[in-house]
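Heads up: the structure comes next, in structure tokens.
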Amino acid sequence: MSTERHYEREFVRTFFTSPTAVKGEEDSAKMIRSAAQLRGMQAPDVWVPDNEDATAPNMRDEGARNVAEVVAEHGAEFPGEIHPRVVWHRDSPGTRYRGFQHMLEIADPDNGAVEHIDGFVIPEVGDVDDWKKADEFITVVEHEHGLEAGSLSMSVIVESGEAELAMGDLREEMGKPSNNLERLFLLVDGEVDYTKDMRAMTPTGELPPWPELRHNTSRGASAAGLIAVDGPYDDIRDVEGYRERMVDNRAKGMTGIWSLTPGQVVEANTSPLPPESGSWLVEVDGEDVDLDEDEDGRQVYEGDDLGLEETADGYVLRVGSDEQELDAEELHEELADMASYVPSMDDIVNSMEEFEAAKEAGRGAIAMTQSATVVIDGVEVEVSRDRMWDEATYQAAQTPINLFQDVYEHRPDQHEELAEMYGADVVERAMDVGN
Amino acid sequence: MSTERHYEREFVRTFFTSPTAVKGEEDSAKMIRSAAQLRGMQAPDVWVPDNEDATAPNMRDEGARNVAEVVAEHGAEFPGEIHPRVVWHRDSPGTRYRGFQHMLEIADPDNGAVEHIDGFVIPEVGDVDDWKKADEFITVVEHEHGLEAGSLSMSVIVESGEAELAMGDLREEMGKPSNNLERLFLLVDGEVDYTKDMRAMTPTGELPPWPELRHNTSRGASAAGLIAVDGPYDDIRDVEGYRERMVDNRAKGMTGIWSLTPGQVVEANTSPLPPESGSWLVEVDGEDVDLDEDEDGRQVYEGDDLGLEETADGYVLRVGSDEQELDAEELHEELADMASYVPSMDDIVNSMEEFEAAKEAGRGAIAMTQSATVVIDGVEVEVSRDRMWDEATYQAAQTPINLFQDVYEHRPDQHEELAEMYGADVVERAMDVGN
Amino acid sequence: MSTERHYEREFVRTFFTSPTAVKGEEDSAKMIRSAAQLRGMQAPDVWVPDNEDATAPNMRDEGARNVAEVVAEHGAEFPGEIHPRVVWHRDSPGTRYRGFQHMLEIADPDNGAVEHIDGFVIPEVGDVDDWKKADEFITVVEHEHGLEAGSLSMSVIVESGEAELAMGDLREEMGKPSNNLERLFLLVDGEVDYTKDMRAMTPTGELPPWPELRHNTSRGASAAGLIAVDGPYDDIRDVEGYRERMVDNRAKGMTGIWSLTPGQVVEANTSPLPPESGSWLVEVDGEDVDLDEDEDGRQVYEGDDLGLEETADGYVLRVGSDEQELDAEELHEELADMASYVPSMDDIVNSMEEFEAAKEAGRGAIAMTQSATVVIDGVEVEVSRDRMWDEATYQAAQTPINLFQDVYEHRPDQHEELAEMYGADVVERAMDVGN
């Protein structure tokens, strides 16, 4: 019996796993209980009480009971979605059966948890026929417990070559009457086990970057109307590295990322949102360097790779060890080519409003200009960049706004922090634009 | 009714779109008329009168009429192929129907244009079943207008995840008796809308590089006997960036690129052709640096990252901050490893002729040598590089020659410019070699 | 008739091709005979007497006879597997028929070679239906010569877009009752002909890096239980480049590589094995720099990009042109972030033993610490890095150990060299651990 795809969220920034039972803890539900009480930027879009890797093998029955108990108690107040992860393995019928039993337990209406549970996360899936086995178990769970068919979503962890390949078939498979794969929600990369499955090795043991896997996950999600999420970033202290990974992911169309700690949740909730204030970059020898705004609003270059000198005839611009003599106009052009602007939320909203007004006035394309006073070696230069906006630019610019609107709509617990960040006026206009 | 694949060209360098109707222009066919009159290096291999994005939504009926009128008038003299782009969208039956009507209009023999029209470009396709809908409409157009079945080719713009996936199925689908997908011609990446469809974001709003998409397009074209074309390069002033993109594309097997202006057409027509004269590179710390030829034909290194000093015992070579003491032979070897040679058209033709003679004389492999006097910090060193040529080297070297021959055969309007560039003798030998 | 997958090896490091007949040699079997007598690190895991590219077209009948003769004579003593390559082409029935005849000849029991032959290598395959043709010929060869069905394996060279796509279908196709594709063994990239087939071009004529092809080959092998091997590295003198390629390949899950000379075989046999001694790296501006161990076991940084000075208040650390003032603790943390450790075989075995003991004692995760005294600009700093080991870390660490165990089991001729390299004690413990 086929059902509608039902997810609440269009974007998922954070996929936060927490153990469901911890050996040696007096109250083994302690960590899952503390996760259930996260709020605001510390609370994930999707919370995954993890009854697989994060929970000791011999404590998973207890883990399943803890999920039911804690979600029954705290689920109504939890601001994100709740998707417990159960055990599963494409190569082990025993593990699959245990996963089925844990789902039956967690979703038992007598436990009072299932009304707060949005779906289940199935790890270690294989090819698409293996995905169908998990789908079928969830169908049975729904039926046995009198739940609406398709009301529980299913997310998978992609951590094998065959699962990566399966993502190319979802669009076709999801329409078939003999499955309920329309319940699919998140495609999550699991790079630790994927690396093991691919038998990949790096000298230091750190994870390979797997750009092709992430592309294929993002594409699979796009083609099948799902949401792609990148795997865990192991080095919890390396905040800069986590941010760079997210920038790289977003350029692949993958907005969401796994978070292992509330600190990572904050980073991952914040990172895809447009910045509060705009900033300028210059590209020197293929690398982007941020300019620093001084008290007069001038954009100051602080590095050594760029030099500028005013001469009797014009200017000498040095890039690395290459020097060029330029007149004022050539210098402006050269710097305009090297510079780029990172727009703030306010800038994006402004540009969209301007374009919307132009469209109403019957114009299909308008030029948007960004200007700055750039300072290199104490020499000031006016730089301005024009960009033509047409319908396509407008629609591409909408992605971060759509994301913001989705966050704002589904996460009232973050309203205060968002208003603080952007100002109430910008938030209001950002919620209006593009509709 | 299945038909033969029919395209004229084996290589397509340029895919040039121009608006078909412009709001506010007295004569709204002005821009399409000026595009129709491009010649020589300014004229594209494939000209796409664009009745989709480049034309305002409410002017597309007029646009279709303009295409018919201008192509009827100028089509016979236009030196490239003509493939109008009509509207289409995988998610909108209304848009698809309008695209169908525009094709019917443009291909109506009463308009006198269709004899100069080589095919249609279909944007925003979805999975392969969506491609078949467009194919079917073209089949109907051919039938209704009494055209030979399969005489109109079909090119698609790949700007969705499902279309990217579809490229993996073409080889299988094209043989089926219930479609005429053998009419397929170009697979064109459309990165602006693809970025939107993948919901990808970059801080500055510039397009992500999408290396995997371009690989998959190139591979799809190779497997199905089609031609891959990269999408538009938005920053029209950034000629260097456009050239680098084309070098990167060619290393992926994608020779063609979208051009937005006649200036970009010139760049894109010229870039894949072998250079007029050879040149030397040295690789320093992973980056290729061009050597400058001085008046004595010596190759001079001008940068700071490489240093060379003659000492009593031999030489001191500095690469970055690493210094090595080397004797003359070690120095030659070290520099031979660092240097590489970019062959000219003349060089390639010479090598191929030499190898062909060797083959006739019964030898399967010969060594080709390139030598130069390299100057670093005023110190001269003789450098020579040997390369073994066997059948495989020979055949790989043929790709640029095949390209040249294809250009020369189909673009008589570029003969003069090509003869000026290479000299008549080199052109003649390049047309002879490899046959 | 379906058969079990039968390969001896779980890992293949080296795929060494040698000509089977050489024009102008008095004894045309000379090179194949010398290849047959390689031993130890010079002998490949898979030896491919090459009756395709490495042998002149008009000498291939003689080549096939030479394979049979030399393998009959030397096969019993050859320490690796033997997989002759025959001619094949997806577009040429004549070439395919000749390949079939050569397989019939080589596998003829009257020649005495087949008992030492492990399988055949089929180049230039197309889509999966083309693979089935080769499979069928091998089935016929087995039947005609009274060999056990499925006893001959089949490896393919992937050198076309359609073969790349086919690797996505193997898992499904291999189960079908109408083929014996379970005999598949190696998926080998052939970048020279792949480049030609994709019509790719680079300015200097060197091969493009094809990262996506290598990913897809590795993934295809992983999904179908096969082994992925990278293609030839043409620049035989460039040992450093060959090593870097192998590091890059292993990060993609591709352990094996084609070798063109016994020298490359030694490199490729050694490179994937864990190092004899551990070492430290620091990452400076995105690049890894090795530290040099001095006589006191201190790790000394020798470059210019990093500077350290002790001041009255603490330290000044310079990275490139950025200087930071840090106290002792901040400095330790900063350096711990920048440094990473490349574990030796001994280190890996130690960590695995430690984790196994912890597991037995009921602990699921333990911290492993690596410490060093790092010296920058003469200033000493203690650096230590902790890493949590859990089941997943343990299993990922096992890949190099599994490789070592596979090598040790199947290559007794390398035992002596391995014991010399690691010491007999480490070898013994490495064979014990993880079982």
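In the structure tokens, the first chain shown is A, the next is B, and so on; residue numbers restart at 1 for each chain, and ligands run from 1 in the order shown.
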
Could you list the residues in chain B lying within 6 Å of chain A, using only C-alpha atoms, and format the result as a list in words? Gly161, Glu162, Lys196, Met198, Arg199, Ala200, Met201, Thr202, Pro203, Thr204 and Pro208 of chain B

I need the chosen residues saved as a CSV table (one decimal), in the first residue's frame, with N, CA, C and O atoms.
```csv
chain,number,residue,atom,x,y,z
B,161,GLY,N,19.5,16.0,-11.1
B,161,GLY,CA,20.1,14.8,-10.7
B,161,GLY,C,19.6,13.6,-11.5
B,161,GLY,O,20.3,12.7,-11.9
B,162,GLU,N,18.3,13.6,-11.9
B,162,GLU,CA,17.7,12.5,-12.6
B,162,GLU,C,18.2,12.4,-14.0
B,162,GLU,O,18.4,11.3,-14.6
B,196,LYS,N,20.8,24.8,-8.7
B,196,LYS,CA,19.6,25.0,-8.0
B,196,LYS,C,18.9,23.7,-7.6
B,196,LYS,O,18.4,23.5,-6.5
B,198,MET,N,20.2,20.8,-7.2
B,198,MET,CA,20.9,20.1,-6.2
B,198,MET,C,20.9,20.8,-4.9
B,198,MET,O,21.4,20.4,-3.9
B,199,ARG,N,20.3,22.0,-4.9
B,199,ARG,CA,20.3,22.9,-3.7
B,199,ARG,C,21.7,23.2,-3.1
B,199,ARG,O,21.9,23.2,-1.9
B,200,ALA,N,22.6,23.3,-4.0
B,200,ALA,CA,24.0,23.6,-3.6
B,200,ALA,C,24.2,25.1,-3.3
B,200,ALA,O,23.5,25.9,-4.0
B,201,MET,N,25.1,25.4,-2.5
B,201,MET,CA,25.4,26.8,-2.1
B,201,MET,C,26.9,27.0,-2.0
B,201,MET,O,27.6,26.2,-1.5
B,202,THR,N,27.3,28.2,-2.4
B,202,THR,CA,28.7,28.6,-2.2
B,202,THR,C,28.7,30.0,-1.5
B,202,THR,O,27.7,30.7,-1.7
B,203,PRO,N,29.7,30.3,-0.7
B,203,PRO,CA,29.6,31.6,0.0
B,203,PRO,C,29.4,32.8,-0.9
B,203,PRO,O,28.6,33.7,-0.6
B,204,THR,N,30.1,32.9,-2.0
B,204,THR,CA,30.0,34.0,-2.8
B,204,THR,C,28.9,33.9,-3.9
B,204,THR,O,28.7,34.8,-4.7
B,208,PRO,N,29.5,26.0,-8.1
B,208,PRO,CA,30.4,24.9,-7.7
B,208,PRO,C,31.1,24.3,-9.0
B,208,PRO,O,30.5,24.4,-10.1
```

Surrounding residues of C:Glu142 excluding itself and chain neighbours under 5 positions, 8 Å, only C-alpha atoms, as a ChimeraX atom specification: /C:147-152

Atoms to include: N, CA and C atoms. Write the selected residues as an mmCIF file, in the first residue's frame.
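Everything below was put into result05.cif:
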```cif
data_model
loop_
_atom_site.group_PDB
_atom_site.id
_atom_site.type_symbol
_atom_site.label_atom_id
_atom_site.label_comp_id
_atom_site.auth_asym_id
_atom_site.auth_seq_id
_atom_site.Cartn_x
_atom_site.Cartn_y
_atom_site.Cartn_z
ATOM 1 N N LEU C 147 38.131 -29.123 -18.217
ATOM 2 C CA LEU C 147 38.464 -28.449 -16.956
ATOM 3 C C LEU C 147 37.203 -28.249 -16.128
ATOM 4 N N GLU C 148 37.391 -28.099 -14.840
ATOM 5 C CA GLU C 148 36.252 -27.866 -13.973
ATOM 6 C C GLU C 148 35.590 -26.534 -14.341
ATOM 7 N N ALA C 149 34.270 -26.527 -14.380
ATOM 8 C CA ALA C 149 33.558 -25.287 -14.721
ATOM 9 C C ALA C 149 33.890 -24.217 -13.689
ATOM 10 N N GLY C 150 34.228 -23.039 -14.158
ATOM 11 C CA GLY C 150 34.547 -21.935 -13.255
ATOM 12 C C GLY C 150 35.963 -21.969 -12.722
ATOM 13 N N SER C 151 36.770 -22.910 -13.169
ATOM 14 C CA SER C 151 38.125 -23.005 -12.617
ATOM 15 C C SER C 151 39.045 -21.919 -13.167
ATOM 16 N N LEU C 152 38.729 -21.390 -14.330
ATOM 17 C CA LEU C 152 39.524 -20.290 -14.882
ATOM 18 C C LEU C 152 38.854 -18.967 -14.516
#
```

Can you tell me, as a list in words, which residues in stretch 367-420 of chain B count as strand (DSSP E or B) by DSSP? Ala367, Met368, Thr369, Gln370, Ser371, Ala372, Thr373, Val374, Val375, Ile376, Val379, Glu380, Val381, Glu382, Val383, Ser384, Arg385, Asp386, Arg387, Met388 and Trp389 of chain B

Include N, CA and C atoms and write out the residues we just selected as an mmCIF file, in the first residue's frame.
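To be explicit, this is the file written out as result.cif:
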```
data_model
loop_
_atom_site.group_PDB
_atom_site.id
_atom_site.type_symbol
_atom_site.label_atom_id
_atom_site.label_comp_id
_atom_site.auth_asym_id
_atom_site.auth_seq_id
_atom_site.Cartn_x
_atom_site.Cartn_y
_atom_site.Cartn_z
ATOM 1 N N ALA B 367 61.513 5.954 -30.353
ATOM 2 C CA ALA B 367 61.700 7.005 -29.356
ATOM 3 C C ALA B 367 61.649 8.367 -30.040
ATOM 4 N N MET B 368 60.862 9.271 -29.490
ATOM 5 C CA MET B 368 60.815 10.647 -29.977
ATOM 6 C C MET B 368 61.551 11.492 -28.942
ATOM 7 N N THR B 369 62.414 12.400 -29.388
ATOM 8 C CA THR B 369 63.187 13.214 -28.457
ATOM 9 C C THR B 369 62.854 14.693 -28.627
ATOM 10 N N GLN B 370 62.686 15.385 -27.512
ATOM 11 C CA GLN B 370 62.551 16.841 -27.508
ATOM 12 C C GLN B 370 63.691 17.416 -26.696
ATOM 13 N N SER B 371 64.423 18.386 -27.235
ATOM 14 C CA SER B 371 65.555 18.970 -26.514
ATOM 15 C C SER B 371 65.397 20.479 -26.410
ATOM 16 N N ALA B 372 66.023 21.045 -25.399
ATOM 17 C CA ALA B 372 66.020 22.497 -25.248
ATOM 18 C C ALA B 372 67.196 22.923 -24.394
ATOM 19 N N THR B 373 67.613 24.157 -24.586
ATOM 20 C CA THR B 373 68.565 24.781 -23.666
ATOM 21 C C THR B 373 67.750 25.563 -22.645
ATOM 22 N N VAL B 374 67.829 25.120 -21.386
ATOM 23 C CA VAL B 374 67.067 25.774 -20.331
ATOM 24 C C VAL B 374 68.004 26.693 -19.547
ATOM 25 N N VAL B 375 67.524 27.871 -19.231
ATOM 26 C CA VAL B 375 68.338 28.834 -18.491
ATOM 27 C C VAL B 375 67.671 29.148 -17.154
ATOM 28 N N ILE B 376 68.413 28.876 -16.066
ATOM 29 C CA ILE B 376 67.926 29.209 -14.724
ATOM 30 C C ILE B 376 68.993 30.049 -14.049
ATOM 31 N N VAL B 379 72.325 30.307 -15.691
ATOM 32 C CA VAL B 379 73.091 29.087 -15.972
ATOM 33 C C VAL B 379 72.356 28.265 -17.040
ATOM 34 N N GLU B 380 73.074 27.869 -18.091
ATOM 35 C CA GLU B 380 72.472 27.099 -19.180
ATOM 36 C C GLU B 380 72.590 25.600 -18.931
ATOM 37 N N VAL B 381 71.542 24.885 -19.187
ATOM 38 C CA VAL B 381 71.574 23.416 -19.103
ATOM 39 C C VAL B 381 70.852 22.846 -20.312
ATOM 40 N N GLU B 382 71.436 21.810 -20.901
ATOM 41 C CA GLU B 382 70.752 21.112 -21.984
ATOM 42 C C GLU B 382 69.789 20.098 -21.382
ATOM 43 N N VAL B 383 68.546 20.134 -21.815
ATOM 44 C CA VAL B 383 67.553 19.181 -21.311
ATOM 45 C C VAL B 383 66.955 18.446 -22.487
ATOM 46 N N SER B 384 66.866 17.130 -22.372
ATOM 47 C CA SER B 384 66.153 16.426 -23.435
ATOM 48 C C SER B 384 65.251 15.374 -22.824
ATOM 49 N N ARG B 385 64.112 15.228 -23.443
ATOM 50 C CA ARG B 385 63.126 14.256 -22.971
ATOM 51 C C ARG B 385 62.829 13.270 -24.075
ATOM 52 N N ASP B 386 62.963 11.989 -23.750
ATOM 53 C CA ASP B 386 62.589 10.928 -24.685
ATOM 54 C C ASP B 386 61.182 10.473 -24.387
ATOM 55 N N ARG B 387 60.472 10.135 -25.414
ATOM 56 C CA ARG B 387 59.197 9.477 -25.178
ATOM 57 C C ARG B 387 59.055 8.324 -26.153
ATOM 58 N N MET B 388 58.705 7.158 -25.628
ATOM 59 C CA MET B 388 58.457 6.007 -26.504
ATOM 60 C C MET B 388 57.095 6.195 -27.154
ATOM 61 N N TRP B 389 57.050 6.056 -28.455
ATOM 62 C CA TRP B 389 55.772 6.060 -29.162
ATOM 63 C C TRP B 389 55.459 4.643 -29.611
#
```

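The gap separating atom CA of A:His415 from atom CA of A:Arg39 is 11.3 Å, in Å to one decimal.
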
Near C:Val426, counting only C-alpha atoms, which residues have an atom at most 10 Å away, once you skip same-chain residues fewer than 6 positions from it, shown as a short mmCIF file (atom, residue, chain, number, x, y, z; two decimals) with N, CA and C atoms, in the first residue's frame?
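around-v3.cif, freshly written:
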```cif
data_model
loop_
_atom_site.label_atom_id
_atom_site.label_comp_id
_atom_site.auth_asym_id
_atom_site.auth_seq_id
_atom_site.Cartn_x
_atom_site.Cartn_y
_atom_site.Cartn_z
N GLU C 276 58.07 0.19 8.35
CA GLU C 276 58.83 -0.49 9.40
C GLU C 276 58.88 0.36 10.67
N MET C 345 54.10 -0.86 11.34
CA MET C 345 53.48 -2.17 11.50
C MET C 345 53.42 -2.54 12.98
N ASP C 346 54.55 -2.35 13.68
CA ASP C 346 54.62 -2.66 15.10
C ASP C 346 53.56 -1.89 15.88
N ASP C 347 53.44 -0.60 15.60
CA ASP C 347 52.44 0.23 16.27
C ASP C 347 51.02 -0.31 16.05
N VAL C 349 50.07 -3.34 15.21
CA VAL C 349 49.89 -4.62 15.90
C VAL C 349 49.71 -4.38 17.41
N ASN C 350 50.57 -3.52 17.99
CA ASN C 350 50.42 -3.17 19.41
C ASN C 350 49.03 -2.67 19.73
N LEU C 418 60.32 -10.05 4.22
CA LEU C 418 59.41 -9.47 5.20
C LEU C 418 60.01 -9.54 6.61
N ALA C 419 60.66 -10.67 6.91
CA ALA C 419 61.27 -10.82 8.24
C ALA C 419 62.43 -9.84 8.40
N ASP C 432 49.22 -13.19 13.98
CA ASP C 432 48.34 -13.67 15.05
C ASP C 432 47.15 -12.75 15.29
#
```

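Atom pair atom CA of B:Glu417 / atom CA of B:Glu354: separated by 27.0 Å.
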
Spatial neighbours of A:Asp50, 7 Å, only C-alpha atoms, chain gap at least 5 places, as a ChimeraX atom specification: /A:17-20,55,84-86

Return as a ChimeraX atom specification the full set of residues in stretch 253-407 of chain C whose backbone-based DSSP assignment is helix (DSSP H, G or I). /C:262-270,328-338,345-360,391-407

Give me the residues near C:Asn111 as a ChimeraX atom specification, where near means some atom within 10 Å (using only C-alpha atoms) and where sequence neighbours in that chain fewer than 2 positions away do not count. /C:65,67-73,105-109,113-115

Extract, using only C-alpha atoms, all DNA, RNA and protein residues at most 9 Å from C:Asp327, discarding same-chain residues fewer than 3 positions from it, and format them as number ranges by chain. C: 313-316, 330-332

Kindly save the residues from that selection, with N, CA, C and O atoms included, as an mmCIF file, in the first residue's frame.
```cif
data_model
loop_
_atom_site.group_PDB
_atom_site.id
_atom_site.type_symbol
_atom_site.label_atom_id
_atom_site.label_comp_id
_atom_site.auth_asym_id
_atom_site.auth_seq_id
_atom_site.Cartn_x
_atom_site.Cartn_y
_atom_site.Cartn_z
ATOM 1 N N ASP C 313 57.088 35.666 27.871
ATOM 2 C CA ASP C 313 55.706 35.320 28.244
ATOM 3 C C ASP C 313 55.266 33.947 27.782
ATOM 4 O O ASP C 313 54.187 33.493 28.128
ATOM 5 N N GLY C 314 56.039 33.330 26.912
ATOM 6 C CA GLY C 314 55.579 32.047 26.377
ATOM 7 C C GLY C 314 56.255 31.779 25.054
ATOM 8 O O GLY C 314 57.485 31.720 24.986
ATOM 9 N N TYR C 315 55.462 31.664 24.010
ATOM 10 C CA TYR C 315 56.010 31.295 22.724
ATOM 11 C C TYR C 315 55.412 32.160 21.606
ATOM 12 O O TYR C 315 54.290 32.643 21.722
ATOM 13 N N VAL C 316 56.175 32.328 20.527
ATOM 14 C CA VAL C 316 55.615 32.885 19.299
ATOM 15 C C VAL C 316 55.736 31.809 18.217
ATOM 16 O O VAL C 316 56.836 31.384 17.867
ATOM 17 N N GLU C 330 48.638 26.280 25.206
ATOM 18 C CA GLU C 330 48.095 26.598 23.881
ATOM 19 C C GLU C 330 49.015 26.074 22.777
ATOM 20 O O GLU C 330 48.557 25.591 21.747
ATOM 21 N N LEU C 331 50.333 26.204 23.018
ATOM 22 C CA LEU C 331 51.281 25.720 22.021
ATOM 23 C C LEU C 331 51.152 24.210 21.826
ATOM 24 O O LEU C 331 51.111 23.715 20.704
ATOM 25 N N HIS C 332 51.063 23.486 22.948
ATOM 26 C CA HIS C 332 50.900 22.020 22.837
ATOM 27 C C HIS C 332 49.665 21.675 22.031
ATOM 28 O O HIS C 332 49.681 20.799 21.167
#
```

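Going from atom CA of B:Tyr394 over to atom CA of B:Gly434, you cover 9.1 Å.
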
Excluding A:Val407 and any residue of its chain fewer than 5 positions from it, enumerate the residues within 9 Å of it, using only C-alpha atoms, and give them as a JSON list (two decimals) with N, CA and C atoms, in the first residue's frame.
```json
[["chain", "number", "residue", "atom", "x", "y", "z"],
["A", 9, "ARG", "N", 10.47, 18.27, 7.19],
["A", 9, "ARG", "CA", 11.52, 19.20, 6.89],
["A", 9, "ARG", "C", 11.95, 19.12, 5.43],
["A", 10, "GLU", "N", 12.27, 20.27, 4.86],
["A", 10, "GLU", "CA", 12.86, 20.28, 3.53],
["A", 10, "GLU", "C", 14.38, 20.24, 3.62],
["A", 11, "PHE", "N", 14.90, 20.78, 4.72],
["A", 11, "PHE", "CA", 16.34, 20.80, 4.95],
["A", 11, "PHE", "C", 16.60, 20.16, 6.31],
["A", 12, "VAL", "N", 17.67, 19.43, 6.41],
["A", 12, "VAL", "CA", 18.11, 18.93, 7.71],
["A", 12, "VAL", "C", 19.57, 19.32, 7.87],
["A", 13, "ARG", "N", 19.84, 20.14, 8.88],
["A", 13, "ARG", "CA", 21.21, 20.58, 9.08],
["A", 13, "ARG", "C", 22.01, 19.60, 9.91],
["A", 45, "ASP", "N", 18.29, 19.21, 14.26],
["A", 45, "ASP", "CA", 17.08, 19.05, 13.47],
["A", 45, "ASP", "C", 16.57, 17.61, 13.54],
["A", 402, "ASN", "N", 15.39, 29.67, 1.33],
["A", 402, "ASN", "CA", 14.51, 28.52, 1.58],
["A", 402, "ASN", "C", 14.94, 27.77, 2.84],
["A", 412, "PRO", "N", 10.82, 26.80, 16.28],
["A", 412, "PRO", "CA", 10.49, 27.98, 17.10],
["A", 412, "PRO", "C", 11.48, 28.18, 18.24],
["A", 414, "GLN", "N", 14.48, 28.20, 18.09],
["A", 414, "GLN", "CA", 15.67, 28.94, 17.65],
["A", 414, "GLN", "C", 15.33, 30.39, 17.26]]
```
